[in-house]
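Visitor: Here it is, the structure, as structure tokens.
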Amino acid sequence: ARHQQAGVRVLLNSAIEHAEAGECLSLMLQNGETLLADVMVYGIGIVANDTLAREAGLETANGIIVDSACTTAAPDIFAAGDVAITRKPDGSLVRMESWENANFQAQIAAAAMLNLPLPEKTPDWFWTDQFNDNLQFVGEMQGESWFIRGNSDAHKAIWFNLQNGVIVGA
């Protein structure tokens with residue numbers, strides 16, 4: 001809603017059929033709609049460069065699969081940052097693409113390489129500036145039960161993610 005208030009049109013699940021550059025950028029979408037623009041941002045997702053790891057026989061899945069100690073399928077090889085995807089205890093794979101996570105994973109990998117105690121896991125945290133808003137996130141962002149404190153219309157609010165009555169993110 002904030003982006004739309006600023007005049008941004010957000011198109012999700014829209015594929016570009018054809019693009020032409022001239023005085024402006026002309027995009028024809030697969031649904032037949034034509035867009036004219038001076039600037040375009042096209043989000044396609046991440047494709048992790050895990051080729052070397054895959055060729056070395058490491059387990060990959062659009063990233064190098066690591067455990068909570070950043071250890072790969074080969075016990076003497078570690079991976080950290082956006083190329084690392086962590087296997088959780090339930091078997092699911094999760095990648096956190098943020099500066100804070102890459103920095104923390106580097107500390108984890110270094111401690112694991114040196115056989116030192118791993119640093120204590122802190123809640124996931126990241127931030128972004130969009131327009132005049134500074135958005136900060138901590139903890140679990142996936143949830144269906146949110147409680148708001150403050151005034152979102154005044155851009156001064158905090159949302160709490162509740163799961164079974166416990167705050168797990170904000």
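All residue names refer to the structure tokens as shown: chains lettered A, B, ... in order, residues numbered from 1 in each chain, ligands numbered from 1 in order.
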I'd like the contact shell of Asn132 (chain A) - 12 Å cut-off, only C-alpha atoms, skipping same-chain residues fewer than 6 positions apart - returned as a CSV table (one decimal) with N, CA and C atoms, in the first residue's frame.
Guide:
```csv
chain,number,residue,atom,x,y,z
A,2,ARG,N,2.0,1.2,0.8
A,2,ARG,CA,2.9,2.4,0.8
A,2,ARG,C,3.5,2.7,-0.6
A,3,HIS,N,3.8,1.7,-1.3
A,3,HIS,CA,4.4,1.9,-2.6
A,3,HIS,C,3.3,2.4,-3.6
A,6,ALA,N,2.8,6.0,-3.2
A,6,ALA,CA,3.8,6.8,-3.9
A,6,ALA,C,3.8,6.7,-5.4
A,154,ALA,N,0.1,6.8,10.4
A,154,ALA,CA,1.1,7.8,10.7
A,154,ALA,C,2.5,7.3,10.6
A,155,HIS,N,2.7,6.0,10.1
A,155,HIS,CA,3.9,5.4,9.8
A,155,HIS,C,4.7,5.2,11.1
A,156,LYS,N,4.0,5.1,12.2
A,156,LYS,CA,4.7,4.8,13.6
A,156,LYS,C,3.9,3.7,14.2
```
Visitor: What residues in chain A get the DSSP label helix (DSSP H, G or I)? Please answer as a ChimeraX atom specification.
Guide: /A:2-5,51-55,99-113,152-154
Visitor: Determine which residues of chain A DSSP labels as strand (DSSP E) from the backbone of this structure, then write them out as an NGL selection string.
Guide: :A and (16-21 or 25-29 or 34-37 or 64-66 or 84-87 or 93-94 or 125-130 or 133-138 or 146-151 or 156-163 or 166-169)
Visitor: Show me, as a list in words, the residues that have an atom within 7 Å of Ala69 (chain A) when counting only C-alpha atoms, minus same-chain residues fewer than 6 positions from it.
Guide: Ile108, Ala109 and Ala112 of chain A
Visitor: Can I get the selected residues back with all heavy atoms, as a PDB file, in the first residue's frame?
Guide:
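Just written: result-v2.pdb:
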```pdb
ATOM      1  N   ILE A 108      29.848 -18.292  12.468  1.00  0.00           N
ATOM      2  CA  ILE A 108      29.552 -19.697  12.758  1.00  0.00           C
ATOM      3  C   ILE A 108      30.569 -20.604  12.071  1.00  0.00           C
ATOM      4  O   ILE A 108      31.146 -21.502  12.694  1.00  0.00           O
ATOM      5  CB  ILE A 108      28.121 -20.063  12.302  1.00  0.00           C
ATOM      6  CG1 ILE A 108      27.088 -19.361  13.167  1.00  0.00           C
ATOM      7  CG2 ILE A 108      27.908 -21.572  12.325  1.00  0.00           C
ATOM      8  CD1 ILE A 108      25.665 -19.502  12.650  1.00  0.00           C
ATOM      9  N   ALA A 109      30.782 -20.366  10.772  1.00  0.00           N
ATOM     10  CA  ALA A 109      31.708 -21.209  10.012  1.00  0.00           C
ATOM     11  C   ALA A 109      33.117 -21.128  10.592  1.00  0.00           C
ATOM     12  O   ALA A 109      33.796 -22.155  10.733  1.00  0.00           O
ATOM     13  CB  ALA A 109      31.705 -20.802   8.533  1.00  0.00           C
ATOM     14  N   ALA A 112      33.258 -23.131  13.791  1.00  0.00           N
ATOM     15  CA  ALA A 112      33.203 -24.567  13.492  1.00  0.00           C
ATOM     16  C   ALA A 112      34.537 -25.055  12.945  1.00  0.00           C
ATOM     17  O   ALA A 112      35.008 -26.141  13.330  1.00  0.00           O
ATOM     18  CB  ALA A 112      32.070 -24.852  12.497  1.00  0.00           C
TER      19      ALA A 112
END
```
Visitor: Write out as a list in words which residues come within 12 Å of region 23-38 of chain A when counting only C-alpha atoms, dropping same-chain ones fewer than 5 positions away.
Guide: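 Those residues are Val8, Arg9, Leu11, Leu12, Asn13, Ser14, Ala15, Ile16, Glu17 and His18 of chain A.
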Visitor: So, counting only C-alpha atoms, which residue among A:Leu162, A:Val47, A:Gln130, A:Ala157 is closest to Gln142 (chain A)?
Guide: A:Leu162
Visitor: Nearest residue to Tyr42 (chain A) out of A:Met96, A:Ala80, A:Val10, A:Ala21, using only C-alpha atoms?
Guide: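 Closest residue, counting only C-alpha atoms: A:Val10.
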Visitor: Please indicate the distance in Å from CA of Phe78 (chain A) to CA of Phe137 (chain A), rounded to one decimal place.
Guide: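 A separation of 27.5 Å between them.
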